[in-house]
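Single-structure report; data block below.
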Amino acid sequence: MNVIDNIVQNKFEQLIIKKEEKSLETIKKEAMDKVSTKKSHVFYDKLKKGNNTKLIAEYKPASPSQGKINDTDVKTVINNYANEEVDLISVLTEETYFNSCLENLVKAKQITSIPILRKDFLIDEYMIYESALYGADCILLINNVYPDIKKGLEICNNLGIDAIVECHTLDDLLFIKDFGAKIIGINNRNLENFSVNLETTKKLHEFIPDDVYCVSESGVKNSTDAYTLKEYGANALLIGTTLLKKKETSEQSKFIQELKRILK
């Protein structure tokens with residue numbers, strides 16, 4: 001099995017335990033109660049506000065391709081992102097390979113009102129309700145990982161949260177493009193060998209409907225890469241590794257300011 005297969009297998013094993021501790025019906029009710037007190041679709045609303053290419057700054061302590069990236073605590077990272085007024089935030093919550101957890105999402109939500117994406121490998125509707133319960137404004141639905149994208153989008157809509165539907169290939173995109181996704185993510189990273197090619201965004205963007213927002217994920221190493229993806233038509237860039245490889249928050253801030261100048 002490759003890394004993604006291992007992650008998904010881990011998720012299935014964890015899900016069995018979670019459902020024993022709290023049933024699907026219980027978490028559904030708790031999630032609906034939670035979202036009833038908050039504004040709906042705030043991630044999407046922020047994405048479509050203004051004409052600039054949005055910066056989604058990510059909290060990612062580690063990854064399968066990089067190993068440990070940065071062990072700065074989540075509160076320090078998110079507080080810095082908030083101070084720099086990034087457009088949107090992403091928080092990894094996968095435990096084994098990304099060294100994070102759902103509690104980091106909760107901590108991030110306590111710090112800022114900036115809309116937050118829960119980035120993880122969701123495999124079941126239970127995890128959508130779980131995301132809403134823990135405060136996520138948006139989730140990631142990865143084609144070929146989440147089993148029923150169309151139903152997943154319907155659940156998100158009922159909860160008033162947003163979803164980025166992630167694609168890696170043209171076949172992925174053509175398969176999901178009629179499911180009603182408002183945001184499509186193009187991952188420039190090949191999940192089998194972890195190679196990165198920014199041309200993936202260029203290739204796939206032309207097949208995304210004009211009324212759907214495009215998020216380009218992975219591969220931005222500098223401001224030149226950011227500008228390239230902006231020119232390819234991306235409405236937002238999700239950047240984590242390059243930001244967090246800068247160990248000092250002052251260096252992260254400097255890079256964020258540089259990116260904001262490029263993307264405006």
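Here, A, B, ... name the chains of the structure tokens in the order displayed, residue numbers run from 1 inside each chain, and ligands are numbered from 1 in the same displayed order.
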Inset, instruction - Show which residues sit within 8 Å of Ser90 (chain A), as a PyMOL selection string. Count only C-alpha atoms, and ignore same-chain residues fewer than 5 positions away. - result: chain A and resi 56-59+116-119+238
Legend entry - Contacts of region 192-209 of chain A within 7 Å, only C-alpha atoms, excl. fewer than 4 positions in-chain, as a list of chain:residue names: A:Asn2, A:Ser65, A:Leu170, A:Ile186, A:Asn188, A:Ser216, A:Gly219, A:Tyr232, A:Gly233
Output of the above residues as a compact mmCIF listing (two decimals), in the first residue's frame, restricted to C-alpha atoms:
# COMPACT_ATOMS: atom_id res chain seq x y z
CA ASN A 2 1.12 3.57 -0.65
CA SER A 65 6.82 13.98 1.55
CA LEU A 170 -8.64 15.52 -15.99
CA ILE A 186 -6.54 21.23 -8.22
CA ASN A 188 -0.44 19.92 -8.25
CA SER A 216 -4.59 25.57 -6.62
CA GLY A 219 3.94 23.35 -5.04
CA TYR A 232 -3.06 30.22 -14.87
CA GLY A 233 -6.42 31.37 -13.50
Legend entry - Nearest to Asp5 (chain A), chosen from A:His168, A:Met127, A:Tyr81, A:Phe121, with only C-alpha atoms counted in the distances: A:Phe121
Legend entry - Asp71 (chain A) surroundings by only C-alpha atoms, 10 Å radius, close-in-sequence under 6 positions cut, as a list of chain:residue names: A:Lys60, A:Pro61, A:Ala62, A:Val77, A:Asn99, A:Leu244, A:Lys247
Counting only C-alpha atoms, which residues of region 158-227 of chain A sit at most 7 Å from some atom of region 130-148 of chain A, and what is each one's closest atom pair with its distance in Å to one decimal, listed by chain and rising residue number, as JSON lines?
{"residue": "A:Ile161", "atom": "CA", "partner": "A:Asp137", "partner_atom": "CA", "distance": 5.2}
{"residue": "A:Asp162", "atom": "CA", "partner": "A:Cys138", "partner_atom": "CA", "distance": 4.3}
{"residue": "A:Ala163", "atom": "CA", "partner": "A:Ile139", "partner_atom": "CA", "distance": 4.8}
{"residue": "A:Ile164", "atom": "CA", "partner": "A:Leu140", "partner_atom": "CA", "distance": 5.0}
{"residue": "A:Val165", "atom": "CA", "partner": "A:Leu141", "partner_atom": "CA", "distance": 4.8}
{"residue": "A:Glu166", "atom": "CA", "partner": "A:Ile142", "partner_atom": "CA", "distance": 4.6}
{"residue": "A:Cys167", "atom": "CA", "partner": "A:Asn143", "partner_atom": "CA", "distance": 6.0}
{"residue": "A:Asp172", "atom": "CA", "partner": "A:Asn143", "partner_atom": "CA", "distance": 6.5}
Selection above as a file: all heavy atoms, as a PDB file, in the first residue's frame:
ATOM      1  N   ILE A 161     -22.019  24.546   5.505  1.00  0.00           N
ATOM      2  CA  ILE A 161     -20.566  24.662   5.380  1.00  0.00           C
ATOM      3  C   ILE A 161     -20.170  24.427   3.928  1.00  0.00           C
ATOM      4  O   ILE A 161     -20.952  23.911   3.126  1.00  0.00           O
ATOM      5  CB  ILE A 161     -19.817  23.676   6.318  1.00  0.00           C
ATOM      6  CG1 ILE A 161     -20.069  22.220   5.925  1.00  0.00           C
ATOM      7  CG2 ILE A 161     -20.202  23.922   7.762  1.00  0.00           C
ATOM      8  CD1 ILE A 161     -19.245  21.218   6.723  1.00  0.00           C
ATOM      9  N   ASP A 162     -18.968  24.809   3.580  1.00  0.00           N
ATOM     10  CA  ASP A 162     -18.508  24.705   2.203  1.00  0.00           C
ATOM     11  C   ASP A 162     -17.612  23.487   2.020  1.00  0.00           C
ATOM     12  O   ASP A 162     -17.166  22.865   2.991  1.00  0.00           O
ATOM     13  CB  ASP A 162     -17.769  25.984   1.811  1.00  0.00           C
ATOM     14  CG  ASP A 162     -18.663  27.202   1.899  1.00  0.00           C
ATOM     15  OD1 ASP A 162     -19.719  27.196   1.257  1.00  0.00           O
ATOM     16  OD2 ASP A 162     -18.320  28.149   2.632  1.00  0.00           O
ATOM     17  N   ALA A 163     -17.365  23.144   0.771  1.00  0.00           N
ATOM     18  CA  ALA A 163     -16.494  22.018   0.463  1.00  0.00           C
ATOM     19  C   ALA A 163     -15.631  22.352  -0.744  1.00  0.00           C
ATOM     20  O   ALA A 163     -16.114  22.921  -1.721  1.00  0.00           O
ATOM     21  CB  ALA A 163     -17.310  20.757   0.180  1.00  0.00           C
ATOM     22  N   ILE A 164     -14.358  22.010  -0.645  1.00  0.00           N
ATOM     23  CA  ILE A 164     -13.473  22.022  -1.800  1.00  0.00           C
ATOM     24  C   ILE A 164     -13.398  20.587  -2.305  1.00  0.00           C
ATOM     25  O   ILE A 164     -13.020  19.679  -1.558  1.00  0.00           O
ATOM     26  CB  ILE A 164     -12.061  22.513  -1.436  1.00  0.00           C
ATOM     27  CG1 ILE A 164     -12.108  23.950  -0.913  1.00  0.00           C
ATOM     28  CG2 ILE A 164     -11.127  22.416  -2.636  1.00  0.00           C
ATOM     29  CD1 ILE A 164     -10.762  24.469  -0.398  1.00  0.00           C
ATOM     30  N   VAL A 165     -13.787  20.374  -3.544  1.00  0.00           N
ATOM     31  CA  VAL A 165     -13.684  19.044  -4.142  1.00  0.00           C
ATOM     32  C   VAL A 165     -12.349  18.975  -4.875  1.00  0.00           C
ATOM     33  O   VAL A 165     -12.107  19.726  -5.818  1.00  0.00           O
ATOM     34  CB  VAL A 165     -14.852  18.764  -5.107  1.00  0.00           C
ATOM     35  CG1 VAL A 165     -14.697  17.374  -5.720  1.00  0.00           C
ATOM     36  CG2 VAL A 165     -16.183  18.867  -4.372  1.00  0.00           C
ATOM     37  N   GLU A 166     -11.482  18.082  -4.408  1.00  0.00           N
ATOM     38  CA  GLU A 166     -10.109  18.027  -4.913  1.00  0.00           C
ATOM     39  C   GLU A 166      -9.958  17.033  -6.054  1.00  0.00           C
ATOM     40  O   GLU A 166     -10.399  15.888  -5.963  1.00  0.00           O
ATOM     41  CB  GLU A 166      -9.153  17.664  -3.781  1.00  0.00           C
ATOM     42  CG  GLU A 166      -7.698  17.607  -4.215  1.00  0.00           C
ATOM     43  CD  GLU A 166      -6.757  17.309  -3.061  1.00  0.00           C
ATOM     44  OE1 GLU A 166      -6.641  18.165  -2.171  1.00  0.00           O
ATOM     45  OE2 GLU A 166      -6.158  16.222  -3.049  1.00  0.00           O
ATOM     46  N   CYS A 167      -9.292  17.507  -7.114  1.00  0.00           N
ATOM     47  CA  CYS A 167      -9.004  16.686  -8.280  1.00  0.00           C
ATOM     48  C   CYS A 167      -7.497  16.663  -8.531  1.00  0.00           C
ATOM     49  O   CYS A 167      -6.789  17.589  -8.157  1.00  0.00           O
ATOM     50  CB  CYS A 167      -9.688  17.256  -9.517  1.00  0.00           C
ATOM     51  SG  CYS A 167     -11.470  17.382  -9.374  1.00  0.00           S
ATOM     52  N   ASP A 172     -10.577  12.964 -13.098  1.00  0.00           N
ATOM     53  CA  ASP A 172     -11.195  13.365 -11.831  1.00  0.00           C
ATOM     54  C   ASP A 172     -12.160  14.521 -12.059  1.00  0.00           C
ATOM     55  O   ASP A 172     -13.307  14.506 -11.603  1.00  0.00           O
ATOM     56  CB  ASP A 172     -10.130  13.844 -10.828  1.00  0.00           C
ATOM     57  CG  ASP A 172      -9.344  12.724 -10.194  1.00  0.00           C
ATOM     58  OD1 ASP A 172      -9.754  11.559 -10.314  1.00  0.00           O
ATOM     59  OD2 ASP A 172      -8.315  13.029  -9.562  1.00  0.00           O
TER      60      ASP A 172
END
Inset, instruction - Pull the alpha helix (DSSP H) assignments for region 29-195 of chain A out of DSSP run on the backbone, and list those residues as a PyMOL selection string. - result: chain A and resi 29-35+42-48+74-83+102-111+125-133+149-159+170-176
Inset, instruction - Mind giving me the straight-line distance from CA of Ile183 (chain A) to CA of Val212 (chain A) in Å, one decimal? - result: 5.6 Å
Inset, instruction - May I have all residues of region 55-257 of chain A that DSSP, computed from the backbone, assigns to strand (DSSP E), given as a ChimeraX atom specification? - result: /A:55-59,62-63,67-68,88-92,116-119,138-142,162-167,183-187,213-217,236-239
Legend entry - For Ser113 (chain A): contacts at 10 Å, only C-alpha atoms, fewer than 3 positions along chain excluded, given as an NGL selection string: :A and (42 or 82 or 88 or 108-110 or 116)
Could you write out that same residue set with N, CA and C atoms as an mmCIF file, in the first residue's frame?
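Once written, again08.cif looks like this:
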data_model
loop_
_atom_site.group_PDB
_atom_site.id
_atom_site.type_symbol
_atom_site.label_atom_id
_atom_site.label_comp_id
_atom_site.auth_asym_id
_atom_site.auth_seq_id
_atom_site.Cartn_x
_atom_site.Cartn_y
_atom_site.Cartn_z
ATOM 1 N N VAL A 42 -19.453 30.870 4.961
ATOM 2 C CA VAL A 42 -18.551 32.018 5.120
ATOM 3 C C VAL A 42 -17.246 31.834 4.332
ATOM 4 N N ALA A 82 -3.487 35.358 11.460
ATOM 5 C CA ALA A 82 -4.570 36.321 11.694
ATOM 6 C C ALA A 82 -4.036 37.750 11.723
ATOM 7 N N LEU A 88 -7.838 33.340 4.067
ATOM 8 C CA LEU A 88 -8.454 32.121 4.574
ATOM 9 C C LEU A 88 -7.373 31.252 5.213
ATOM 10 N N ALA A 108 -7.597 26.764 16.620
ATOM 11 C CA ALA A 108 -7.541 27.797 15.573
ATOM 12 C C ALA A 108 -8.819 28.628 15.565
ATOM 13 N N LYS A 109 -9.971 27.966 15.712
ATOM 14 C CA LYS A 109 -11.244 28.677 15.712
ATOM 15 C C LYS A 109 -11.370 29.608 16.913
ATOM 16 N N GLN A 110 -10.705 29.279 18.007
ATOM 17 C CA GLN A 110 -10.752 30.127 19.200
ATOM 18 C C GLN A 110 -9.961 31.417 19.012
ATOM 19 N N ILE A 116 -12.110 28.857 8.176
ATOM 20 C CA ILE A 116 -11.094 27.806 8.242
ATOM 21 C C ILE A 116 -11.564 26.524 7.541
#
Legend entry - Proximity to Glu231 (chain A) - best of A:Asp87, A:Leu122, A:Leu92, A:Thr53, only C-alpha atoms: A:Thr53
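Here CA of Asn52 (chain A) and CA of Ser218 (chain A) stand 19.1 Å from one another.
Between Met32 (chain A) and the residues A:Phe98, A:Tyr44, A:Gly160, A:Thr72, the shortest atom-to-atom distance, using only C-alpha atoms, involves A:Gly160.
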Legend entry - Å distance separating CA of Thr241 (chain A) from CA of Cys101 (chain A), one decimal place: 17.3 Å
